[in-house]
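Next comes final09.txt, with compact mmCIF, C-alpha atoms.
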```
# COMPACT_ATOMS: atom_id res chain seq x y z
CA MET A 1 -15.63 15.71 6.68
CA ALA A 2 -13.32 13.21 5.02
CA VAL A 3 -9.59 13.60 5.52
CA PRO A 4 -8.24 15.86 2.73
CA LYS A 5 -5.90 14.43 0.12
CA TYR A 6 -2.22 15.08 0.70
CA ASN A 7 -2.03 17.79 -1.99
CA GLU A 8 -4.88 19.67 -0.29
CA PHE A 9 -2.70 19.99 2.80
CA MET A 10 0.16 21.68 0.92
CA LYS A 11 -0.98 25.29 0.73
CA PRO A 12 -2.43 25.47 4.27
CA LEU A 13 0.75 23.85 5.59
CA LEU A 14 2.89 26.46 3.87
CA VAL A 15 0.69 29.25 5.23
CA CYS A 16 1.04 27.79 8.75
CA LEU A 17 4.79 28.28 8.41
CA SER A 18 4.60 31.75 6.87
CA ASP A 19 5.61 33.49 10.11
CA GLY A 20 9.17 32.31 9.44
CA GLU A 21 9.52 30.61 12.82
CA THR A 22 10.39 26.96 13.38
CA HIS A 23 7.43 24.72 14.17
CA LYS A 24 7.17 21.18 15.45
CA SER A 25 5.45 18.65 13.22
CA LYS A 26 2.90 17.88 15.95
CA GLU A 27 1.99 21.55 16.16
CA ILE A 28 1.45 21.75 12.39
CA GLN A 29 -0.61 18.55 12.42
CA GLN A 30 -2.83 19.97 15.15
CA ASN A 31 -3.24 23.30 13.36
CA LEU A 32 -4.14 21.65 10.07
CA ALA A 33 -6.59 19.27 11.74
CA GLU A 34 -8.35 22.29 13.24
CA TYR A 35 -8.16 24.24 9.96
CA PHE A 36 -9.96 21.43 8.12
CA HIS A 37 -12.36 20.82 11.04
CA LEU A 38 -11.41 17.16 11.23
CA THR A 39 -13.64 15.19 13.55
CA ASP A 40 -12.36 12.76 16.17
CA GLU A 41 -13.32 9.98 13.77
CA ASP A 42 -11.29 11.61 10.98
CA ARG A 43 -8.29 11.92 13.28
CA GLN A 44 -8.47 8.25 14.26
CA GLU A 45 -8.71 6.88 10.70
CA LEU A 46 -5.85 4.48 10.02
CA LEU A 47 -4.10 3.47 6.84
CA PRO A 48 -5.03 -0.18 6.21
CA GLY A 49 -2.29 -2.53 7.29
CA SER A 50 0.10 0.14 8.55
CA GLY A 51 -1.28 1.50 11.82
CA GLN A 52 -0.50 5.07 10.72
CA LEU A 53 -3.05 7.83 11.11
CA VAL A 54 -4.25 8.88 7.66
CA TYR A 55 -4.22 12.62 8.25
CA LYS A 56 -0.70 12.58 9.73
CA ASN A 57 0.55 10.40 6.89
CA ARG A 58 -0.87 12.76 4.28
CA ILE A 59 0.53 15.82 6.04
CA GLY A 60 3.87 14.01 6.08
CA TRP A 61 3.78 13.50 2.32
CA ALA A 62 2.69 17.11 1.78
CA SER A 63 5.68 18.34 3.80
CA THR A 64 8.01 15.98 1.92
CA TYR A 65 6.91 17.38 -1.43
CA LEU A 66 7.24 20.97 -0.19
CA LYS A 67 10.75 20.19 1.04
CA LYS A 68 11.71 18.65 -2.29
CA ALA A 69 10.52 21.82 -4.02
CA GLY A 70 12.61 23.93 -1.65
CA LEU A 71 9.62 25.73 -0.11
CA ILE A 72 10.24 24.51 3.43
CA SER A 73 13.21 23.09 5.28
CA SER A 74 13.75 20.81 8.23
CA PRO A 75 16.51 22.30 10.42
CA ALA A 76 16.05 19.49 12.95
CA ARG A 77 14.11 16.27 13.27
CA SER A 78 10.33 16.85 13.29
CA ILE A 79 10.90 20.59 12.86
CA MET A 80 9.71 22.62 9.86
CA GLN A 81 10.46 26.13 8.69
CA ILE A 82 9.52 28.08 5.59
CA THR A 83 12.27 29.12 3.16
CA ASP A 84 12.65 32.37 1.22
CA THR A 85 11.23 30.58 -1.82
CA GLY A 86 8.30 29.40 0.25
CA ARG A 87 7.59 32.93 1.48
CA GLN A 88 7.59 34.12 -2.13
CA VAL A 89 5.01 31.46 -2.99
CA VAL A 90 2.81 32.58 -0.07
CA ARG A 91 3.00 36.16 -1.35
CA GLU A 92 2.03 35.00 -4.84
CA ASN A 93 -0.94 33.17 -3.28
CA PRO A 94 -1.54 30.55 -5.99
CA LEU A 95 -5.03 29.09 -6.20
CA ALA A 96 -3.64 25.70 -5.19
CA ILE A 97 -0.31 24.05 -4.53
CA ASP A 98 0.02 20.53 -5.86
CA GLY A 99 2.45 18.37 -7.78
CA HIS A 100 1.90 20.23 -11.01
CA TYR A 101 2.55 23.58 -9.35
CA LEU A 102 5.67 22.25 -7.61
CA SER A 103 7.04 20.99 -10.92
CA LYS A 104 8.02 24.58 -11.75
CA PHE A 105 10.89 24.18 -9.26
CA ASP A 106 14.06 22.46 -10.49
CA SER A 107 14.64 20.53 -7.28
CA PHE A 108 11.16 19.04 -7.37
CA ARG A 109 11.46 18.07 -11.03
CA ALA A 110 14.72 16.31 -10.19
CA PHE A 111 12.94 14.47 -7.38
CA SER A 112 9.84 13.52 -9.37
CA SER A 113 11.55 12.52 -12.63
CA PRO A 114 12.60 8.94 -13.41
CA LYS A 115 16.01 8.00 -12.05
CA PRO A 116 18.30 6.12 -14.47
CA ALA A 117 19.27 2.65 -13.33
CA SER A 118 22.91 2.18 -12.39
CA SER A 119 25.13 -0.17 -14.36
CA SER A 120 24.78 -2.75 -11.59
CA GLN A 121 21.00 -2.58 -11.98
CA SER A 122 20.81 -2.95 -15.73
CA ASP A 123 18.05 -5.54 -15.45
CA ILE A 124 15.99 -3.41 -13.07
CA VAL A 125 13.48 -0.85 -14.30
CA SER A 126 14.49 2.70 -13.41
CA ASN A 127 12.64 4.39 -10.58
CA PRO A 128 9.22 5.59 -11.76
CA PRO A 129 8.34 9.29 -11.56
CA CYS A 130 5.86 10.66 -9.04
CA ASP A 131 2.35 10.55 -10.43
CA LEU A 132 1.44 14.23 -10.30
CA ALA A 133 -2.04 13.59 -11.68
CA THR A 134 -3.30 11.66 -8.67
CA PRO A 135 -4.22 13.03 -5.24
CA GLU A 136 -3.24 9.72 -3.64
CA THR A 137 0.00 9.40 -1.68
CA PRO A 138 2.60 6.93 -3.00
CA GLU A 139 1.60 4.50 -0.25
CA GLU A 140 -2.07 4.72 -1.21
CA GLN A 141 -1.18 4.27 -4.88
CA LEU A 142 0.89 1.21 -3.99
CA LYS A 143 -2.00 -0.29 -2.02
CA GLN A 144 -4.41 0.29 -4.92
CA ASP A 145 -1.95 -1.24 -7.39
CA TYR A 146 -1.43 -4.22 -5.08
CA GLU A 147 -5.17 -4.80 -4.74
CA MET A 148 -5.57 -4.55 -8.52
CA VAL A 149 -2.81 -7.12 -9.12
CA LEU A 150 -4.23 -9.39 -6.41
CA SER A 151 -7.69 -9.20 -7.95
CA LYS A 152 -6.35 -10.04 -11.41
CA LEU A 153 -4.28 -12.91 -10.01
CA SER A 154 -7.37 -14.26 -8.25
CA ASP A 155 -9.40 -14.10 -11.46
CA ASP A 156 -6.63 -15.75 -13.49
CA LEU A 157 -6.22 -18.50 -10.91
CA TYR A 158 -9.95 -19.16 -10.81
CA GLU A 159 -10.10 -19.44 -14.60
CA LYS A 160 -7.14 -21.82 -14.58
CA VAL A 161 -8.65 -24.04 -11.88
CA MET A 162 -11.95 -24.21 -13.74
CA THR A 163 -10.19 -25.77 -16.73
CA LEU A 164 -8.90 -28.71 -14.65
CA SER A 165 -10.38 -32.15 -14.87
CA PRO A 166 -12.00 -33.46 -11.65
CA GLU A 167 -8.98 -35.72 -11.05
CA LYS A 168 -6.47 -32.88 -11.42
CA PHE A 169 -8.61 -30.71 -9.16
CA GLU A 170 -8.46 -33.39 -6.46
CA LEU A 171 -4.68 -33.57 -6.83
CA LEU A 172 -4.50 -29.79 -6.53
CA VAL A 173 -6.47 -29.88 -3.26
CA ILE A 174 -4.11 -32.53 -1.87
CA ASP A 175 -1.10 -30.40 -2.85
CA LEU A 176 -2.63 -27.38 -1.11
CA ILE A 177 -3.21 -29.37 2.07
CA ARG A 178 0.43 -30.47 1.97
CA ALA A 179 1.58 -26.88 1.37
CA VAL A 180 -0.18 -25.51 4.46
CA GLY A 181 1.56 -28.02 6.71
CA TYR A 182 -0.75 -30.98 7.13
CA GLY A 183 0.49 -34.55 6.97
CA TYR A 184 3.61 -36.47 7.90
CA PRO A 185 6.63 -35.13 5.95
CA ASP A 186 6.77 -38.04 3.57
CA GLU A 187 5.40 -38.25 0.04
CA SER A 188 3.67 -41.55 0.81
CA SER A 189 1.56 -39.90 3.52
CA PHE A 190 -0.55 -38.20 0.83
CA ARG A 191 -2.75 -40.53 -1.20
CA HIS A 192 -5.14 -39.73 -3.99
CA THR A 193 -8.04 -42.16 -3.85
CA GLY A 194 -10.61 -40.45 -6.03
CA LYS A 195 -12.22 -42.92 -8.41
CA THR A 196 -15.49 -44.69 -9.04
CA GLY A 197 -16.74 -46.35 -5.88
CA ASP A 198 -14.43 -44.42 -3.55
CA GLY A 199 -17.25 -43.73 -1.12
CA GLY A 200 -16.84 -39.99 -1.59
CA VAL A 201 -13.25 -39.97 -0.31
CA ASP A 202 -10.89 -38.34 -2.80
CA GLY A 203 -7.74 -38.32 -0.74
CA ILE A 204 -6.20 -39.45 2.53
CA VAL A 205 -3.55 -37.60 4.50
CA GLN A 206 -1.50 -39.51 7.05
CA GLU A 207 -0.74 -37.25 10.02
CA ASP A 208 1.86 -39.48 11.67
CA LYS A 209 4.45 -42.05 10.67
CA PHE A 210 2.30 -45.04 11.59
CA GLY A 211 -0.98 -43.82 10.14
CA PHE A 212 -2.94 -43.69 13.39
CA ASN A 213 -4.31 -40.22 12.56
CA LEU A 214 -5.82 -39.81 9.13
CA ILE A 215 -7.49 -36.90 7.35
CA TYR A 216 -10.06 -37.84 4.73
CA ILE A 217 -10.53 -35.39 1.87
CA GLN A 218 -13.71 -34.94 -0.09
CA CYS A 219 -13.67 -32.54 -3.03
CA SER A 220 -16.65 -30.97 -4.71
CA PHE A 221 -16.01 -29.77 -8.24
CA SER A 222 -18.63 -28.26 -10.53
CA ARG A 223 -18.57 -25.77 -13.38
```
Render the structure in this file as structure tokens.
Amino acid sequence: MAVPKYNEFMKPLLVCLSDGETHKSKEIQQNLAEYFHLTDEDRQELLPGSGQLVYKNRIGWASTYLKKAGLISSPARSIMQITDTGRQVVRENPLAIDGHYLSKFDSFRAFSSPKPASSSQSDIVSNPPCDLATPETPEEQLKQDYEMVLSKLSDDLYEKVMTLSPEKFELLVIDLIRAVGYGYPDESSFRHTGKTGDGGVDGIVQEDKFGFNLIYIQCSFSR
């Protein structure tokens, strides 16, 4: 099966702690992996770009939210224990425990609500609230938002480039080659040669001071 969303870990995690004893995080992770019948493949799934195991990351966020609601505590590093409030929730046996359920607790509302910017941060937007409507962790939300912004930026850039004249496009290519580190560090080492009868060469980059090593640029531009 796929790795459950972080909110789906909340109730089973709380039940795992319902004996009132202290438990190591690794023990809880193992118990929850077995409870959800996670395969070896599920347990090896990594968060893109972070190297963290997805199921451990989501259990971590589930425990963070439960702590913020006052349902569990952490008496020592990597140690979890249920609180009296948490035991009461287990006795009530709600159908599910998620962000909306946790919002009934004052401490969680204080955590998930927007934080006012300090006077020294008057130009900075206040901290956004937790999105209780999504099953994604904050890290996963951030990645999705980043990919969305990157996609829009790519589309906007493409549209902008497609409005350039062939000559300006050639100049843009030369600027890009300069930006990635090619050429001798002198403005004169980059020449735009694109014109009628240029033999297909639109630019020349001089790689050394004396011009012994040259890079010839040919641009292809079509709409």
**Report entry** Neighbour list for Thr193 of chain A as number ranges by chain, cut-off 8 Å, only C-alpha atoms, skip fewer than 6 positions in-chain
**Finding:** A: 201-204
Requested in this report: Calculate how many Å separate atom CA of Met162 of chain A from atom CA of His192 of chain A, rounding to one decimal.
Outcome: 19.6 Å
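As for atom CA of Gly194 of chain A and atom CA of Phe169 of chain A, they are spaced 10.4 Å apart.
Reported to one decimal place, the separation of atom CA of His37 of chain A from atom CA of Glu8 of chain A is 13.6 Å.
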**Report entry** Shell around Lys104 of chain A at 10 Å using all atoms listed in the file, local window under 5 positions removed, as a list in words
**Finding:** Ala69, Gly99 and Arg109 of chain A
**Report entry** Leu95 of chain A environment, 12 Å, all atoms listed in the file, sequence neighbours closer than 5 positions dropped, as number ranges by chain
**Finding:** A: 8, 10-12, 89-90, 101
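All residues of protein, DNA or RNA that reach within 8 Å of Gln29 of chain A, judged by all atoms listed in the file and not counting those fewer than 3 positions away in the chain, are Ser25, Lys26, Leu32, Ala33, Lys56 and Ile59 of chain A.
Proximity of A:Val54, A:Ile28, A:Leu38, A:Leu13 to Glu136 of chain A, computed with all atoms listed in the file, is greatest for A:Val54.
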Query raised in the report: Quick one: residues within 6 Å of Gln81 of chain A, all atoms listed in the file counted, chain neighbours fewer than 4 positions away excluded, as a PyMOL selection string?
Result: chain A and resi 22+72-73
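Distance annotation: of A:Asn7, A:Gln144, A:Asn93, A:Ser63, the residue with the minimal separation from Met80 of chain A is A:Ser63; atom set is all atoms listed in the file.
Minimum atom-to-atom distances from A:Gln44, A:Gln141, A:Thr134, A:Gln218 to Glu167 of chain A were compared using all atoms listed in the file, and the lowest value belongs to A:Gln218.
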Draw an axis-aligned box tight on the listed atoms of segment 151-158 of chain A, then pad every side by 4 Å and write out centre and edge lengths in Å to one decimal as lines of an AutoDock Vina configuration file.
```
center_x = -7.1
center_y = -14.2
center_z = -10.7
size_x = 13.7
size_y = 18.0
size_z = 13.5
```
Could you please fill out segment 33-44 of chain A with all heavy atoms and send it back as a PDB file, in the coordinates of the input?
```pdb
ATOM      1  N   ALA A  33      -5.388  20.016  11.379  1.00  0.00           N
ATOM      2  CA  ALA A  33      -6.590  19.270  11.740  1.00  0.00           C
ATOM      3  C   ALA A  33      -7.710  20.227  12.138  1.00  0.00           C
ATOM      4  O   ALA A  33      -8.879  20.022  11.779  1.00  0.00           O
ATOM      5  CB  ALA A  33      -6.279  18.306  12.886  1.00  0.00           C
ATOM      6  N   GLU A  34      -7.349  21.289  12.846  1.00  0.00           N
ATOM      7  CA  GLU A  34      -8.350  22.290  13.240  1.00  0.00           C
ATOM      8  C   GLU A  34      -8.784  23.116  12.032  1.00  0.00           C
ATOM      9  O   GLU A  34      -9.969  23.447  11.892  1.00  0.00           O
ATOM     10  CB  GLU A  34      -7.771  23.189  14.329  1.00  0.00           C
ATOM     11  CG  GLU A  34      -7.532  22.457  15.647  1.00  0.00           C
ATOM     12  CD  GLU A  34      -6.840  23.322  16.684  1.00  0.00           C
ATOM     13  OE1 GLU A  34      -6.496  24.489  16.361  1.00  0.00           O
ATOM     14  OE2 GLU A  34      -6.632  22.838  17.815  1.00  0.00           O
ATOM     15  N   TYR A  35      -7.840  23.441  11.155  1.00  0.00           N
ATOM     16  CA  TYR A  35      -8.160  24.240   9.960  1.00  0.00           C
ATOM     17  C   TYR A  35      -9.202  23.521   9.096  1.00  0.00           C
ATOM     18  O   TYR A  35     -10.133  24.144   8.573  1.00  0.00           O
ATOM     19  CB  TYR A  35      -6.887  24.489   9.162  1.00  0.00           C
ATOM     20  CG  TYR A  35      -7.108  25.164   7.826  1.00  0.00           C
ATOM     21  CD1 TYR A  35      -7.242  26.545   7.736  1.00  0.00           C
ATOM     22  CD2 TYR A  35      -7.184  24.411   6.643  1.00  0.00           C
ATOM     23  CE1 TYR A  35      -7.452  27.172   6.509  1.00  0.00           C
ATOM     24  CE2 TYR A  35      -7.394  25.023   5.419  1.00  0.00           C
ATOM     25  CZ  TYR A  35      -7.527  26.401   5.356  1.00  0.00           C
ATOM     26  OH  TYR A  35      -7.739  27.012   4.138  1.00  0.00           O
ATOM     27  N   PHE A  36      -9.045  22.206   8.957  1.00  0.00           N
ATOM     28  CA  PHE A  36      -9.960  21.430   8.120  1.00  0.00           C
ATOM     29  C   PHE A  36     -11.154  20.880   8.916  1.00  0.00           C
ATOM     30  O   PHE A  36     -11.960  20.127   8.369  1.00  0.00           O
ATOM     31  CB  PHE A  36      -9.214  20.278   7.450  1.00  0.00           C
ATOM     32  CG  PHE A  36      -8.376  20.704   6.271  1.00  0.00           C
ATOM     33  CD1 PHE A  36      -6.997  20.816   6.386  1.00  0.00           C
ATOM     34  CD2 PHE A  36      -8.967  21.007   5.054  1.00  0.00           C
ATOM     35  CE1 PHE A  36      -6.220  21.205   5.304  1.00  0.00           C
ATOM     36  CE2 PHE A  36      -8.203  21.400   3.966  1.00  0.00           C
ATOM     37  CZ  PHE A  36      -6.823  21.506   4.086  1.00  0.00           C
ATOM     38  N   HIS A  37     -11.243  21.253  10.191  1.00  0.00           N
ATOM     39  CA  HIS A  37     -12.360  20.820  11.040  1.00  0.00           C
ATOM     40  C   HIS A  37     -12.492  19.290  11.051  1.00  0.00           C
ATOM     41  O   HIS A  37     -13.602  18.748  10.919  1.00  0.00           O
ATOM     42  CB  HIS A  37     -13.675  21.456  10.581  1.00  0.00           C
ATOM     43  CG  HIS A  37     -13.636  22.950  10.507  1.00  0.00           C
ATOM     44  ND1 HIS A  37     -13.544  23.762  11.626  1.00  0.00           N
ATOM     45  CD2 HIS A  37     -13.650  23.793   9.431  1.00  0.00           C
ATOM     46  CE1 HIS A  37     -13.516  25.029  11.252  1.00  0.00           C
ATOM     47  NE2 HIS A  37     -13.574  25.081   9.929  1.00  0.00           N
ATOM     48  N   LEU A  38     -11.369  18.618  11.196  1.00  0.00           N
ATOM     49  CA  LEU A  38     -11.410  17.160  11.230  1.00  0.00           C
ATOM     50  C   LEU A  38     -12.070  16.691  12.520  1.00  0.00           C
ATOM     51  O   LEU A  38     -11.764  17.177  13.608  1.00  0.00           O
ATOM     52  CB  LEU A  38      -9.993  16.578  11.139  1.00  0.00           C
ATOM     53  CG  LEU A  38      -9.202  16.880   9.862  1.00  0.00           C
ATOM     54  CD1 LEU A  38      -7.880  16.120   9.872  1.00  0.00           C
ATOM     55  CD2 LEU A  38     -10.008  16.518   8.618  1.00  0.00           C
ATOM     56  N   THR A  39     -12.964  15.745  12.385  1.00  0.00           N
ATOM     57  CA  THR A  39     -13.640  15.190  13.550  1.00  0.00           C
ATOM     58  C   THR A  39     -12.717  14.204  14.262  1.00  0.00           C
ATOM     59  O   THR A  39     -11.658  13.822  13.741  1.00  0.00           O
ATOM     60  CB  THR A  39     -14.923  14.463  13.130  1.00  0.00           C
ATOM     61  OG1 THR A  39     -14.561  13.326  12.316  1.00  0.00           O
ATOM     62  CG2 THR A  39     -15.837  15.380  12.334  1.00  0.00           C
ATOM     63  N   ASP A  40     -13.138  13.778  15.451  1.00  0.00           N
ATOM     64  CA  ASP A  40     -12.360  12.760  16.170  1.00  0.00           C
ATOM     65  C   ASP A  40     -12.250  11.491  15.329  1.00  0.00           C
ATOM     66  O   ASP A  40     -11.210  10.825  15.324  1.00  0.00           O
ATOM     67  CB  ASP A  40     -13.025  12.439  17.511  1.00  0.00           C
ATOM     68  CG  ASP A  40     -12.893  13.586  18.509  1.00  0.00           C
ATOM     69  OD1 ASP A  40     -12.001  14.443  18.312  1.00  0.00           O
ATOM     70  OD2 ASP A  40     -13.675  13.627  19.475  1.00  0.00           O
ATOM     71  N   GLU A  41     -13.331  11.175  14.628  1.00  0.00           N
ATOM     72  CA  GLU A  41     -13.320   9.980  13.770  1.00  0.00           C
ATOM     73  C   GLU A  41     -12.305  10.142  12.641  1.00  0.00           C
ATOM     74  O   GLU A  41     -11.564   9.211  12.321  1.00  0.00           O
ATOM     75  CB  GLU A  41     -14.717   9.745  13.193  1.00  0.00           C
ATOM     76  CG  GLU A  41     -14.826   8.473  12.361  1.00  0.00           C
ATOM     77  CD  GLU A  41     -16.230   8.240  11.838  1.00  0.00           C
ATOM     78  OE1 GLU A  41     -17.131   9.043  12.163  1.00  0.00           O
ATOM     79  OE2 GLU A  41     -16.426   7.258  11.094  1.00  0.00           O
ATOM     80  N   ASP A  42     -12.265  11.333  12.035  1.00  0.00           N
ATOM     81  CA  ASP A  42     -11.290  11.610  10.980  1.00  0.00           C
ATOM     82  C   ASP A  42      -9.866  11.438  11.503  1.00  0.00           C
ATOM     83  O   ASP A  42      -9.002  10.873  10.831  1.00  0.00           O
ATOM     84  CB  ASP A  42     -11.448  13.034  10.444  1.00  0.00           C
ATOM     85  CG  ASP A  42     -12.761  13.250   9.713  1.00  0.00           C
ATOM     86  OD1 ASP A  42     -13.285  12.278   9.142  1.00  0.00           O
ATOM     87  OD2 ASP A  42     -13.263  14.395   9.728  1.00  0.00           O
ATOM     88  N   ARG A  43      -9.645  11.934  12.711  1.00  0.00           N
ATOM     89  CA  ARG A  43      -8.290  11.920  13.280  1.00  0.00           C
ATOM     90  C   ARG A  43      -7.854  10.522  13.709  1.00  0.00           C
ATOM     91  O   ARG A  43      -6.669  10.285  13.916  1.00  0.00           O
ATOM     92  CB  ARG A  43      -8.210  12.877  14.473  1.00  0.00           C
ATOM     93  CG  ARG A  43      -8.534  14.320  14.110  1.00  0.00           C
ATOM     94  CD  ARG A  43      -8.319  15.260  15.280  1.00  0.00           C
ATOM     95  NE  ARG A  43      -8.946  16.562  15.050  1.00  0.00           N
ATOM     96  CZ  ARG A  43      -8.580  17.683  15.643  1.00  0.00           C
ATOM     97  NH1 ARG A  43      -7.580  17.669  16.516  1.00  0.00           N
ATOM     98  NH2 ARG A  43      -9.202  18.821  15.397  1.00  0.00           N
ATOM     99  N   GLN A  44      -8.806   9.618  13.853  1.00  0.00           N
ATOM    100  CA  GLN A  44      -8.470   8.250  14.260  1.00  0.00           C
ATOM    101  C   GLN A  44      -8.412   7.283  13.077  1.00  0.00           C
ATOM    102  O   GLN A  44      -8.075   6.111  13.256  1.00  0.00           O
ATOM    103  CB  GLN A  44      -9.514   7.743  15.271  1.00  0.00           C
ATOM    104  CG  GLN A  44      -9.511   8.501  16.591  1.00  0.00           C
ATOM    105  CD  GLN A  44      -8.154   8.493  17.270  1.00  0.00           C
ATOM    106  OE1 GLN A  44      -7.500   7.456  17.358  1.00  0.00           O
ATOM    107  NE2 GLN A  44      -7.715   9.659  17.747  1.00  0.00           N
TER     108      GLN A  44
END
```
